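Q: Sharing model03.txt, compact mmCIF, C-alpha atoms:
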```txt
# COMPACT_ATOMS: atom_id res chain seq x y z
CA MET A 8 -4.74 13.10 -12.86
CA LEU A 9 -1.71 14.66 -11.22
CA THR A 10 -0.58 12.33 -8.44
CA LYS A 11 0.68 13.01 -4.92
CA ARG A 12 4.42 12.53 -4.57
CA ILE A 13 6.36 10.44 -2.03
CA ILE A 14 9.88 11.78 -1.49
CA PRO A 15 12.62 10.07 0.54
CA CYS A 16 15.25 12.49 1.81
CA LEU A 17 18.92 11.52 2.10
CA ASP A 18 21.31 13.48 4.29
CA ILE A 19 24.82 13.48 2.88
CA LYS A 20 28.13 14.15 4.61
CA ASP A 21 31.46 13.89 2.78
CA GLY A 22 29.72 12.07 -0.05
CA LYS A 23 28.09 9.42 2.19
CA THR A 24 24.59 9.06 3.61
CA VAL A 25 24.46 10.11 7.24
CA LYS A 26 21.50 8.54 8.96
CA GLY A 27 21.60 4.83 9.57
CA ILE A 28 20.25 2.88 6.68
CA ASN A 29 18.66 -0.50 7.16
CA PHE A 30 18.33 -1.91 3.68
CA ILE A 31 19.66 -5.42 3.87
CA ASP A 32 20.17 -5.91 0.15
CA LEU A 33 22.46 -2.97 -0.50
CA ARG A 34 26.17 -3.57 -0.96
CA ASP A 35 27.02 -0.14 0.38
CA ALA A 36 24.18 1.46 2.29
CA GLY A 37 26.35 4.51 2.80
CA ASP A 38 26.45 5.22 -0.90
CA PRO A 39 23.79 7.82 -1.75
CA VAL A 40 23.77 6.75 -5.38
CA GLU A 41 23.04 3.12 -4.70
CA LEU A 42 20.42 4.03 -2.14
CA GLY A 43 18.83 6.48 -4.57
CA VAL A 44 18.66 3.84 -7.30
CA LYS A 45 16.99 1.49 -4.82
CA TYR A 46 14.37 4.09 -3.90
CA ALA A 47 13.69 4.85 -7.56
CA GLU A 48 13.11 1.13 -8.21
CA LEU A 49 10.77 0.92 -5.21
CA GLY A 50 8.59 3.70 -6.61
CA ALA A 51 9.82 6.90 -4.97
CA ASP A 52 8.56 9.83 -7.05
CA GLU A 53 11.48 12.13 -6.38
CA LEU A 54 14.55 12.25 -4.18
CA VAL A 55 16.03 15.02 -2.08
CA PHE A 56 19.75 15.02 -1.25
CA LEU A 57 20.72 17.41 1.53
CA ASP A 58 24.43 17.98 1.99
CA ILE A 59 25.42 18.74 5.57
CA THR A 60 29.18 18.67 5.00
CA ALA A 61 30.79 21.61 6.74
CA THR A 62 34.15 21.68 4.98
CA VAL A 63 35.47 23.95 2.27
CA GLU A 64 35.75 21.05 -0.19
CA ARG A 65 31.99 20.59 -0.05
CA ARG A 66 31.13 22.33 -3.27
CA LYS A 67 33.39 20.23 -5.43
CA THR A 68 32.43 16.96 -3.73
CA LEU A 69 28.75 17.75 -4.06
CA ALA A 70 28.93 18.53 -7.77
CA GLU A 71 30.77 15.26 -8.36
CA LEU A 72 28.15 13.37 -6.38
CA VAL A 73 25.34 15.03 -8.33
CA ARG A 74 26.91 13.89 -11.59
CA ARG A 75 27.06 10.32 -10.29
CA ILE A 76 23.45 10.51 -9.16
CA ALA A 77 22.31 11.89 -12.53
CA ARG A 78 24.12 9.11 -14.36
CA GLU A 79 22.31 6.39 -12.43
CA ILE A 80 18.91 7.71 -11.35
CA ASN A 81 15.91 7.93 -13.67
CA ILE A 82 13.60 10.10 -11.53
CA PRO A 83 13.84 13.79 -10.62
CA PHE A 84 15.98 14.90 -7.72
CA THR A 85 16.60 18.02 -5.68
CA VAL A 86 19.92 19.01 -4.13
CA GLY A 87 20.48 21.37 -1.23
CA GLY A 88 22.78 22.38 1.55
CA GLY A 89 24.80 25.54 1.80
CA ILE A 90 23.93 26.98 -1.60
CA THR A 91 24.71 30.67 -1.34
CA GLN A 92 25.60 31.65 -4.91
CA VAL A 93 24.13 31.49 -8.39
CA ASP A 94 27.40 29.90 -9.58
CA SER A 95 26.80 26.86 -7.40
CA VAL A 96 23.28 26.52 -8.77
CA ASN A 97 24.63 26.61 -12.31
CA GLU A 98 27.12 23.89 -11.43
CA LEU A 99 24.54 21.64 -9.75
CA LEU A 100 21.89 21.98 -12.47
CA GLY A 101 24.58 21.48 -15.11
CA SER A 102 25.60 18.30 -13.30
CA GLY A 103 22.08 16.94 -13.68
CA ALA A 104 20.08 18.09 -10.63
CA ASP A 105 16.48 18.97 -11.49
CA LYS A 106 15.95 21.39 -8.63
CA ILE A 107 17.98 23.03 -5.92
CA THR A 108 16.80 24.02 -2.50
CA VAL A 109 17.81 27.03 -0.44
CA ASN A 110 17.04 27.72 3.21
CA SER A 111 19.24 29.89 5.47
CA SER A 112 20.96 31.60 2.55
CA ALA A 113 17.59 32.77 1.21
CA VAL A 114 16.57 34.17 4.60
CA ASN A 115 19.92 35.95 4.92
CA ASN A 116 19.83 37.19 1.33
CA PRO A 117 16.33 37.01 -0.20
CA GLU A 118 17.59 38.44 -3.51
CA LEU A 119 19.34 35.13 -4.08
CA ILE A 120 15.88 33.71 -4.90
CA ASP A 121 15.26 36.35 -7.58
CA LYS A 122 18.67 35.74 -9.10
CA ILE A 123 18.26 31.97 -9.29
CA ALA A 124 14.66 32.11 -10.53
CA ASN A 125 15.46 34.70 -13.20
CA GLN A 126 18.36 32.73 -14.54
CA PHE A 127 17.08 29.16 -14.31
CA GLY A 128 13.31 29.44 -13.87
CA SER A 129 11.07 29.09 -10.82
CA GLN A 130 10.50 25.40 -11.49
CA CYS A 131 13.96 24.56 -10.17
CA VAL A 132 13.89 26.70 -7.01
CA VAL A 133 12.64 24.98 -3.87
CA LEU A 134 12.50 26.98 -0.65
CA SER A 135 13.08 24.88 2.46
CA VAL A 136 11.59 26.40 5.58
CA ASP A 137 12.15 25.21 9.14
CA THR A 138 9.41 26.52 11.37
CA LYS A 139 8.46 26.21 15.04
CA LEU A 140 5.78 27.66 17.27
CA VAL A 141 7.26 30.20 19.68
CA ASN A 142 4.76 31.73 22.10
CA GLY A 143 1.95 30.96 19.70
CA ILE A 144 3.76 32.49 16.71
CA GLN A 145 4.94 30.30 13.80
CA LYS A 146 8.57 31.49 13.52
CA ILE A 147 11.20 30.78 10.85
CA PHE A 148 14.51 29.23 11.95
CA THR A 149 17.80 28.96 10.05
CA ASN A 150 21.09 27.09 10.33
CA GLY A 151 19.50 23.69 10.72
CA GLY A 152 16.95 25.00 13.19
CA ARG A 153 19.51 26.54 15.52
CA ILE A 154 18.84 30.24 14.91
CA GLU A 155 15.48 31.90 15.42
CA THR A 156 14.86 34.69 12.92
CA SER A 157 12.49 37.63 13.05
CA TRP A 158 10.45 36.15 10.18
CA GLU A 159 7.06 34.54 10.65
CA LEU A 160 6.04 31.68 8.37
CA ILE A 161 3.30 33.25 6.22
CA PRO A 162 5.03 36.56 5.42
CA TRP A 163 8.28 34.75 4.60
CA VAL A 164 6.86 32.13 2.24
CA THR A 165 4.63 34.75 0.59
CA GLU A 166 7.62 36.97 -0.08
CA ALA A 167 9.71 34.03 -1.28
CA VAL A 168 7.04 32.98 -3.78
CA GLN A 169 6.77 36.54 -5.05
CA ARG A 170 10.52 36.51 -5.56
CA GLY A 171 10.26 33.35 -7.67
CA VAL A 172 10.28 30.22 -5.53
CA GLY A 173 8.52 27.38 -7.37
CA GLU A 174 7.94 24.95 -4.51
CA ILE A 175 7.95 25.00 -0.70
CA LEU A 176 9.49 22.26 1.43
CA LEU A 177 7.85 22.85 4.78
CA THR A 178 9.43 21.27 7.86
CA SER A 179 7.65 21.63 11.17
CA MET A 180 10.34 21.43 13.85
CA ASP A 181 7.60 20.72 16.39
CA HIS A 182 6.73 17.54 14.52
CA ASP A 183 10.09 16.47 13.10
CA GLY A 184 11.36 13.29 14.75
CA THR A 185 8.19 12.74 16.82
CA LYS A 186 6.61 10.17 14.46
CA LYS A 187 3.25 11.56 15.58
CA GLY A 188 2.21 12.87 12.18
CA PHE A 189 2.78 15.87 9.92
CA ALA A 190 1.80 19.45 10.83
CA LEU A 191 -1.57 19.38 9.09
CA ASP A 192 -2.68 22.91 10.00
CA ILE A 193 0.22 24.87 8.53
CA THR A 194 0.57 22.51 5.58
CA LYS A 195 -3.08 23.12 4.66
CA GLN A 196 -2.71 26.84 5.26
CA LEU A 197 0.27 27.14 2.89
CA SER A 198 -1.18 24.82 0.29
CA GLU A 199 -4.38 26.85 0.06
CA LEU A 200 -2.61 30.18 0.19
CA LEU A 201 0.22 29.66 -2.30
CA PRO A 202 0.10 29.13 -6.08
CA VAL A 203 3.02 26.66 -5.88
CA PRO A 204 3.26 23.04 -4.65
CA VAL A 205 3.87 22.37 -0.95
CA VAL A 206 5.95 19.42 0.24
CA ALA A 207 5.23 18.47 3.85
CA SER A 208 8.09 17.23 6.00
CA GLY A 209 8.54 16.17 9.61
CA GLY A 210 6.58 13.78 11.80
CA ALA A 211 5.80 10.82 9.56
CA GLY A 212 5.40 7.71 11.72
CA ASN A 213 2.83 5.53 10.00
CA MET A 214 0.88 5.22 6.74
CA GLU A 215 -2.18 6.97 8.15
CA HIS A 216 -0.08 10.10 8.61
CA PHE A 217 0.43 10.25 4.84
CA VAL A 218 -3.30 9.82 4.25
CA ASP A 219 -3.88 12.77 6.59
CA VAL A 220 -1.24 15.05 5.10
CA PHE A 221 -2.56 14.55 1.55
CA GLY A 222 -6.21 14.67 2.61
CA LYS A 223 -6.63 17.10 5.51
CA GLY A 224 -3.24 18.76 4.96
CA LYS A 225 -3.73 19.20 1.20
CA ALA A 226 -0.01 18.61 0.61
CA ASP A 227 1.20 18.04 -2.95
CA ALA A 228 4.02 15.82 -1.76
CA ALA A 229 5.31 14.31 1.47
CA LEU A 230 8.93 13.90 2.47
CA ALA A 231 10.38 11.54 5.05
CA ALA A 232 13.75 10.06 5.92
CA SER A 233 14.19 7.59 8.75
CA ILE A 234 10.92 5.68 8.38
CA PHE A 235 11.96 4.82 4.83
CA HIS A 236 15.65 4.30 5.60
CA PHE A 237 14.90 1.90 8.45
CA GLY A 238 12.30 0.07 6.44
CA GLU A 239 9.53 0.93 8.90
CA ILE A 240 7.31 1.83 5.97
CA GLY A 241 7.91 0.37 2.53
CA ILE A 242 7.19 2.69 -0.37
CA PRO A 243 5.19 0.09 -2.38
CA GLU A 244 3.03 -0.73 0.68
CA LEU A 245 2.54 2.96 1.39
CA LYS A 246 1.44 3.67 -2.16
CA ASN A 247 -0.97 0.75 -2.22
CA TYR A 248 -2.43 1.93 1.07
CA LEU A 249 -2.88 5.48 -0.26
CA ILE A 250 -4.67 4.14 -3.33
CA SER A 251 -7.00 2.12 -1.07
CA LYS A 252 -7.82 5.45 0.60
CA ASN A 253 -8.54 7.10 -2.78
CA ILE A 254 -5.42 9.23 -2.80
CA PRO A 255 -3.95 9.34 -6.30
CA VAL A 256 -0.37 8.11 -6.46
CA ARG A 257 1.78 6.62 -9.18
CA LEU A 258 2.25 2.87 -8.98
CA MET B 25 21.91 -5.61 -34.69
CA LYS B 26 24.42 -4.76 -31.98
CA HIS B 27 26.88 -3.61 -34.61
CA LYS B 28 24.32 -1.35 -36.20
CA VAL B 29 23.51 0.16 -32.86
CA ARG B 30 27.14 1.06 -32.26
CA LEU B 31 27.26 2.90 -35.56
CA MET B 32 24.19 4.98 -34.86
CA LYS B 33 24.93 8.66 -34.38
CA ILE B 34 22.64 10.25 -31.83
CA VAL B 35 22.97 14.00 -31.48
CA ILE B 36 21.61 16.01 -28.59
CA ILE B 37 21.23 19.63 -29.61
CA LYS B 38 23.05 21.86 -27.18
CA TYR B 39 21.59 25.28 -26.64
CA ASN B 40 21.36 27.40 -23.53
CA ALA B 41 18.43 25.50 -22.09
CA GLY B 42 19.57 23.03 -19.50
CA ASN B 43 19.30 19.34 -18.65
CA VAL B 44 21.39 18.02 -21.53
CA TYR B 45 23.39 15.90 -19.09
CA SER B 46 20.26 14.11 -17.81
CA VAL B 47 19.22 13.19 -21.36
CA SER B 48 22.66 11.94 -22.33
CA SER B 49 22.83 9.93 -19.08
CA ALA B 50 19.45 8.32 -19.79
CA LEU B 51 20.67 7.23 -23.23
CA LYS B 52 23.93 6.02 -21.75
CA ARG B 53 21.93 3.80 -19.38
CA LEU B 54 20.27 2.34 -22.47
CA GLY B 55 23.70 1.66 -23.95
CA TYR B 56 23.95 4.56 -26.40
CA ASP B 57 26.62 7.19 -26.67
CA THR B 58 25.55 10.65 -27.73
CA VAL B 59 27.14 13.70 -29.28
CA ILE B 60 26.16 16.94 -27.56
CA THR B 61 26.60 19.80 -29.98
CA SER B 62 25.18 22.89 -31.64
CA ASP B 63 27.29 22.38 -34.77
CA LEU B 64 25.05 22.42 -37.84
CA ASP B 65 27.02 19.82 -39.83
CA GLU B 66 27.18 17.43 -36.89
CA ILE B 67 23.42 17.72 -36.48
CA ARG B 68 22.80 17.26 -40.23
CA SER B 69 24.83 14.06 -40.25
CA ALA B 70 23.03 12.50 -37.26
CA ASP B 71 20.82 9.40 -37.46
CA LYS B 72 18.66 10.66 -34.61
CA VAL B 73 18.34 14.12 -33.16
CA ILE B 74 17.13 14.96 -29.65
CA PHE B 75 16.13 18.51 -28.77
CA PRO B 76 15.73 18.77 -24.98
CA GLY B 77 15.14 21.86 -22.98
CA VAL B 78 14.28 23.50 -19.73
CA GLY B 79 14.08 27.24 -19.84
CA GLU B 80 12.29 30.21 -21.26
CA ALA B 81 10.96 30.29 -24.83
CA SER B 82 12.03 33.74 -26.05
CA SER B 83 15.64 33.50 -24.85
CA ALA B 84 15.88 29.95 -26.23
CA MET B 85 14.61 31.15 -29.64
CA GLU B 86 17.11 34.03 -29.58
CA TYR B 87 19.88 31.51 -29.13
CA LEU B 88 18.52 29.27 -31.90
CA LYS B 89 18.49 32.25 -34.26
CA GLU B 90 22.03 33.30 -33.38
CA THR B 91 23.30 29.81 -34.08
CA LYS B 92 21.10 29.40 -37.21
CA LEU B 93 19.53 26.32 -35.64
CA ASP B 94 16.15 27.98 -36.27
CA LYS B 95 16.62 27.43 -40.01
CA LEU B 96 18.19 24.00 -39.76
CA ILE B 97 15.78 22.23 -37.40
CA PRO B 98 12.57 22.45 -39.50
CA GLU B 99 14.47 21.11 -42.53
CA LEU B 100 15.87 18.01 -40.86
CA LYS B 101 14.67 14.70 -42.28
CA GLN B 102 15.94 12.19 -39.71
CA PRO B 103 13.87 11.13 -36.65
CA PHE B 104 13.73 14.13 -34.36
CA LEU B 105 12.55 14.22 -30.73
CA GLY B 106 11.71 17.45 -28.92
CA VAL B 107 11.38 17.30 -25.14
CA CYS B 108 9.50 19.74 -22.87
CA LEU B 109 10.55 23.22 -24.01
CA GLY B 110 11.72 21.41 -27.14
CA LEU B 111 8.09 20.50 -27.91
CA GLN B 112 6.94 24.06 -27.35
CA LEU B 113 9.66 25.52 -29.57
CA LEU B 114 8.60 23.19 -32.40
CA CYS B 115 5.17 24.85 -32.37
CA LYS B 116 4.30 28.06 -34.23
CA TYR B 117 3.97 30.52 -31.38
CA SER B 118 4.34 30.58 -27.58
CA GLU B 119 2.65 32.94 -25.17
CA GLU B 120 5.82 32.73 -23.10
CA GLY B 121 7.66 35.93 -23.95
CA ASN B 122 5.29 36.41 -26.94
CA THR B 123 7.60 34.25 -29.03
CA LYS B 124 7.48 33.19 -32.65
CA CYS B 125 8.79 29.63 -32.70
CA LEU B 126 9.91 27.04 -35.28
CA SER B 127 6.49 26.26 -36.87
CA VAL B 128 7.04 22.54 -37.41
CA PHE B 129 3.67 22.06 -35.75
CA ASP B 130 1.14 24.68 -36.77
CA GLU B 131 0.01 25.11 -33.16
CA ASN B 132 0.08 27.71 -30.42
CA VAL B 133 1.49 27.25 -26.93
CA LYS B 134 -0.54 28.75 -24.09
CA ARG B 135 -0.07 29.33 -20.38
CA PHE B 136 -2.15 27.30 -17.93
CA PRO B 137 -4.88 29.44 -16.36
CA PRO B 138 -4.20 29.87 -12.62
CA LYS B 139 -7.10 27.66 -11.52
CA GLU B 140 -4.67 25.18 -9.97
CA LYS B 141 -1.02 25.38 -9.04
CA VAL B 142 1.28 26.32 -11.90
CA PRO B 143 3.72 24.86 -12.95
CA HIS B 144 2.10 21.50 -13.55
CA MET B 145 4.75 19.59 -11.60
CA GLY B 146 4.83 15.87 -10.89
CA TRP B 147 3.66 12.52 -12.26
CA ASN B 148 0.59 12.48 -14.47
CA SER B 149 -0.80 9.91 -16.90
CA ILE B 150 -0.64 9.90 -20.70
CA LYS B 151 -3.41 8.55 -22.89
CA PHE B 152 -1.82 7.76 -26.22
CA SER B 153 -2.93 6.66 -29.64
CA ASP B 154 -1.10 3.97 -31.55
CA SER B 155 2.52 4.94 -32.18
CA LYS B 156 5.78 3.01 -32.19
CA LEU B 157 6.99 5.56 -29.67
CA PHE B 158 4.75 3.91 -27.05
CA ASP B 159 5.51 0.31 -27.93
CA ASN B 160 5.58 -1.83 -24.75
CA VAL B 161 4.15 1.06 -22.71
CA VAL B 162 0.80 0.53 -20.98
CA ASN B 163 -1.74 3.21 -21.79
CA ASN B 164 -2.37 5.70 -18.96
CA SER B 165 1.13 5.16 -17.57
CA PHE B 166 2.59 7.91 -15.40
CA VAL B 167 5.37 10.20 -16.58
CA TYR B 168 7.05 13.26 -15.07
CA PHE B 169 5.99 16.77 -16.06
CA VAL B 170 7.30 20.22 -15.15
CA HIS B 171 5.82 23.01 -17.25
CA SER B 172 3.67 26.15 -17.14
CA TYR B 173 2.82 26.29 -20.86
CA PHE B 174 1.15 23.68 -23.06
CA ALA B 175 0.14 22.86 -26.63
CA GLU B 176 -3.58 22.37 -27.18
CA LEU B 177 -5.00 19.18 -28.67
CA SER B 178 -4.61 19.10 -32.46
CA GLU B 179 -4.34 16.85 -35.49
CA PHE B 180 -0.71 16.24 -34.42
CA THR B 181 -1.57 14.98 -30.92
CA ILE B 182 -0.47 11.38 -30.29
CA ALA B 183 -0.82 11.52 -26.49
CA GLU B 184 -2.95 13.64 -24.18
CA THR B 185 -2.88 14.49 -20.49
CA ASN B 186 -5.27 16.34 -18.25
CA TYR B 187 -4.27 19.12 -15.88
CA ILE B 188 -6.64 22.06 -15.58
CA GLU B 189 -7.51 21.14 -19.16
CA THR B 190 -6.64 18.36 -21.60
CA PHE B 191 -3.48 19.17 -23.57
CA SER B 192 -1.02 17.49 -25.95
CA SER B 193 1.56 15.49 -24.02
CA ALA B 194 3.02 14.16 -27.28
CA LEU B 195 2.96 15.40 -30.89
CA LYS B 196 4.00 13.87 -34.19
CA LYS B 197 4.32 15.14 -37.74
CA ASP B 198 6.37 13.26 -40.34
CA ASN B 199 9.81 12.69 -38.78
CA PHE B 200 9.15 15.09 -35.89
CA TYR B 201 8.13 13.71 -32.50
CA ALA B 202 7.76 15.78 -29.35
CA LEU B 203 7.07 15.07 -25.68
CA GLN B 204 5.86 17.58 -23.12
CA PHE B 205 7.02 15.35 -20.24
CA HIS B 206 10.58 14.36 -19.40
CA PRO B 207 11.29 10.78 -20.54
CA GLU B 208 14.77 11.04 -19.02
CA LYS B 209 13.15 11.54 -15.60
CA SER B 210 10.16 9.22 -16.01
CA GLY B 211 11.60 6.01 -14.62
CA LYS B 212 11.27 2.80 -16.61
CA ILE B 213 8.39 4.13 -18.72
CA GLY B 214 10.51 7.04 -19.89
CA GLU B 215 13.42 4.76 -20.69
CA GLU B 216 11.12 2.57 -22.78
CA ILE B 217 9.93 5.59 -24.76
CA LEU B 218 13.49 6.77 -25.40
CA LYS B 219 14.48 3.25 -26.40
CA ASN B 220 11.55 3.11 -28.83
CA PHE B 221 12.58 6.40 -30.40
CA ILE B 222 16.13 5.15 -30.89
CA GLU B 223 15.36 1.60 -31.97
CA LEU B 224 11.95 1.64 -33.67
CA ILE B 225 11.62 5.03 -35.34
```
Please rewrite the model in this file as structure tokens.
A:
Amino acid sequence: MLTKRIIPCLDIKDGKTVKGINFIDLRDAGDPVELGVKYAELGADELVFLDITATVERRKTLAELVRRIAREINIPFTVGGGITQVDSVNELLGSGADKITVNSSAVNNPELIDKIANQFGSQCVVLSVDTKLVNGIQKIFTNGGRIETSWELIPWVTEAVQRGVGEILLTSMDHDGTKKGFALDITKQLSELLPVPVVASGGAGNMEHFVDVFGKGKADAALAASIFHFGEIGIPELKNYLISKNIPVRL
Amino acid sequence: MKHKVRLMKIVIIKYNAGNVYSVSSALKRLGYDTVITSDLDEIRSADKVIFPGVGEASSAMEYLKETKLDKLIPELKQPFLGVCLGLQLLCKYSEEGNTKCLSVFDENVKRFPPKEKVPHMGWNSIKFSDSKLFDNVVNNSFVYFVHSYFAELSEFTIAETNYIETFSSALKKDNFYALQFHPEKSGKIGEEILKNFIELI
């Protein structure tokens, strides 16, 4: 049986993890590679590395980091952050990334999705969407949630899948950081509507929230950052809990 | 033993179908250096050959024909391991791009019907029959899959997995082994399988 995936997300700036990390047994908690190895050992099913570096050297630094990650980590990982060209995708996949994720650049230039999917296959193209309710309408935001676009959620993800996206990473800005649970309604809506997997992100605060997002929300995977980084929820405990609730996960 | 290991020549066939670096890194973690090449003589002289792949069948076959790898591969006698697209290309025919493949396994590769999400992406279990490839691996262990096409069950099946229907997650014929999943991305289980291929086969 295909299992539900648990995905820790690491934000990277200048080659280092950004958010505070509270693993006591790491030599260098700021090193994304060491942290990634730790998560893989603990049973994470995949990793996402999001680069938020804003300098011109980013591209080179990121490719080097991806090579280091690929050397050490034995589970799949996705890389994103500022990917605007097919060349960058080629470089990142060639350095060992399994998937790349695009967000603002795809909204600004939807043909980028077609180009990447045609050249490398849909299986490696993840569309990240940041969405928020505005006057009752589920709008799409770009630039880390700072810019409201004219797109609504359903038309945008539908078009993106038609253009070749192979997976959706759905972040509800209304839930992100609240620790009150994932956005079950839109996660379920996308999961039932789309022929590709949906990764739910934003709002995880306790283990029951994961039960809900896989059950009621019908998510294929769930992504979280701080609750894992600060050790509030351990991945082995979470997976055992999910199994006790009859949700299939890999142990 | 250690000395022998150092002398082993492991070749990863390079063709325009991705993820060669992940496979070579996985072997490096196991302590083995690899040669990544499409050179026919280098491949002929290898002790072990690995044929990875992420990509599209028809363009991959085009490339294999241009480089004459399509003639060489079926004639190789050393232990040979196809991975993912590598498994599919070792079959006779693939529905992807209506492609005639290498015919090591007299089997057809089909697309999953759209009853569930396609590609089949994530961790799923393998139920295997006795093979050295799975030495020290617990049956029904989870491994990582990403694929939209599959080989049906056949006389060559040594492991099966269920998604939409039950398909071949591993094949074997003579010196040819093939895995539909990615051992290089399948955590400790995958490393064990790669180690078995290198050390036991």
Q: Define the interface residues of chain B facing chain A as those within 7 Å, counting all atoms listed in the file, and report them as a list in words.
A: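 Listed by rising number, the hits are Gly42, Asn43, Tyr45, Ser46, Ser49, Gly79, Lys141, Val142, Pro143, Gly146, Trp147, Asn148, Ser149, Phe166, Asn186, Tyr187, Glu208, Lys209, Ser210 and Gly211 of chain B.
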Q: So which residues touch Lys92 (chain B) within 12 Å, counting all atoms listed in the file, skipping near sequence neighbours fewer than 6 positions away, as a PyMOL selection string?
A: chain B and resi 39+62-65+67+85-86+98-99+126
Q: Would you kindly return, as a PyMOL selection string, each protein, DNA or RNA residue with an atom no farther than 9 Å from any atom of Thr190 (chain B), considering only C-alpha atoms and excluding same-chain residues fewer than 4 positions away?
A: chain B and resi 176-177+184-186
Q: Using only C-alpha atoms for the distances, tell me which of A:Ile234, A:Ile90, A:Val218, A:Ala211 is nearest to Lys246 (chain A).
A: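 Among A:Ile234, A:Ile90, A:Val218, A:Ala211, it is A:Val218 that comes nearest to Lys246 (chain A).
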Q: Would you mind reading off the distance between CA of Lys197 (chain B) and CA of Phe129 (chain B), one decimal, in Å?
A: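 Computing it gives 7.2 Å between the two atoms.
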Q: So how far away is CA of Thr108 (chain A) from CA of Gly87 (chain A), in Å?
A: 4.7 Å
Q: With all atoms listed in the file as the atoms that count, which of A:Ile120, A:Ile14, A:Lys223, A:Leu200 lies nearest to Pro162 (chain A)?
A: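 Among the listed residues, the smallest separation from Pro162 (chain A) belongs to A:Leu200.
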Q: Quick one: distance from CA of Asp71 (chain B) to CA of Pro103 (chain B) in Å, one decimal?
A: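 Spanning CA of Asp71 (chain B) to CA of Pro103 (chain B) is a straight-line distance of 7.2 Å.
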Q: Between B:Glu189, B:Glu216, B:Asp198, B:Asp130, which residue has the minimum interatomic distance to Phe104 (chain B), considering only C-alpha atoms?
A: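 Closest to Phe104 (chain B), using only C-alpha atoms: B:Asp198.
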Q: Would you mind telling me which residue in B:Ile37, B:Leu111, B:Ala50, B:Ala81 lies nearest to Leu218 (chain B) when using all atoms listed in the file?
A: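 Checking each of B:Ile37, B:Leu111, B:Ala50, B:Ala81 against Leu218 (chain B), counting all atoms listed in the file, the winner is B:Ala50.
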Q: Mind checking which residues fall within 12 Å of Asp159 (chain B), counting only C-alpha atoms, ignoring those fewer than 5 positions away in the same chain, and posting them as a list in words?
A: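 Contacts, with the query itself left out: Phe152, Ser153, Asp154, Ile213, Gly214, Glu215, Glu216, Ile217, Leu218, Lys219, Asn220, Phe221, Glu223, Leu224 and Ile225 of chain B.
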Q: Those same residues - C-alpha atoms - I'd like them written as an mmCIF file, keeping the file's coordinate frame.
A:
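Result file result26.cif:
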```cif
data_model
loop_
_atom_site.group_PDB
_atom_site.id
_atom_site.type_symbol
_atom_site.label_atom_id
_atom_site.label_comp_id
_atom_site.auth_asym_id
_atom_site.auth_seq_id
_atom_site.Cartn_x
_atom_site.Cartn_y
_atom_site.Cartn_z
ATOM 1 C CA PHE B 152 -1.820 7.760 -26.220
ATOM 2 C CA SER B 153 -2.930 6.660 -29.640
ATOM 3 C CA ASP B 154 -1.100 3.970 -31.550
ATOM 4 C CA ILE B 213 8.390 4.130 -18.720
ATOM 5 C CA GLY B 214 10.510 7.040 -19.890
ATOM 6 C CA GLU B 215 13.420 4.760 -20.690
ATOM 7 C CA GLU B 216 11.120 2.570 -22.780
ATOM 8 C CA ILE B 217 9.930 5.590 -24.760
ATOM 9 C CA LEU B 218 13.490 6.770 -25.400
ATOM 10 C CA LYS B 219 14.480 3.250 -26.400
ATOM 11 C CA ASN B 220 11.550 3.110 -28.830
ATOM 12 C CA PHE B 221 12.580 6.400 -30.400
ATOM 13 C CA GLU B 223 15.360 1.600 -31.970
ATOM 14 C CA LEU B 224 11.950 1.640 -33.670
ATOM 15 C CA ILE B 225 11.620 5.030 -35.340
#
```
Q: Here's a test: counting all atoms listed in the file, identify every protein, DNA and RNA residue with an atom at most 10 Å from (22.4, 14.5, -39.7) in the file's coordinate frame, and state them as an NGL selection string.
A: :B and (33-35 or 64-73 or 100-103)
Q: B:Gly121, B:Gly55, B:Gly106, B:Pro137: which is nearest Phe205 (chain B), counting all atoms listed in the file?
A: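 Selected residue with least distance to Phe205 (chain B): B:Gly106.
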Q: My list of candidates is A:Lys195, A:Arg66, A:Gly22, A:Cys16. Which is closest to Glu98 (chain A) when distances are computed with all atoms listed in the file?
A: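 So, comparing all the options, the nearest one is A:Arg66.
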Q: Enumerate, as a ChimeraX atom specification, the protein, DNA and RNA residues whose atoms approach (2.5, 17.4, -23.1) to within 10 Å, taking into account all atoms listed in the file and the coordinate frame of the file.
A: /B:107-109,111-112,150,169-171,173-177,181-186,190-195,202-206
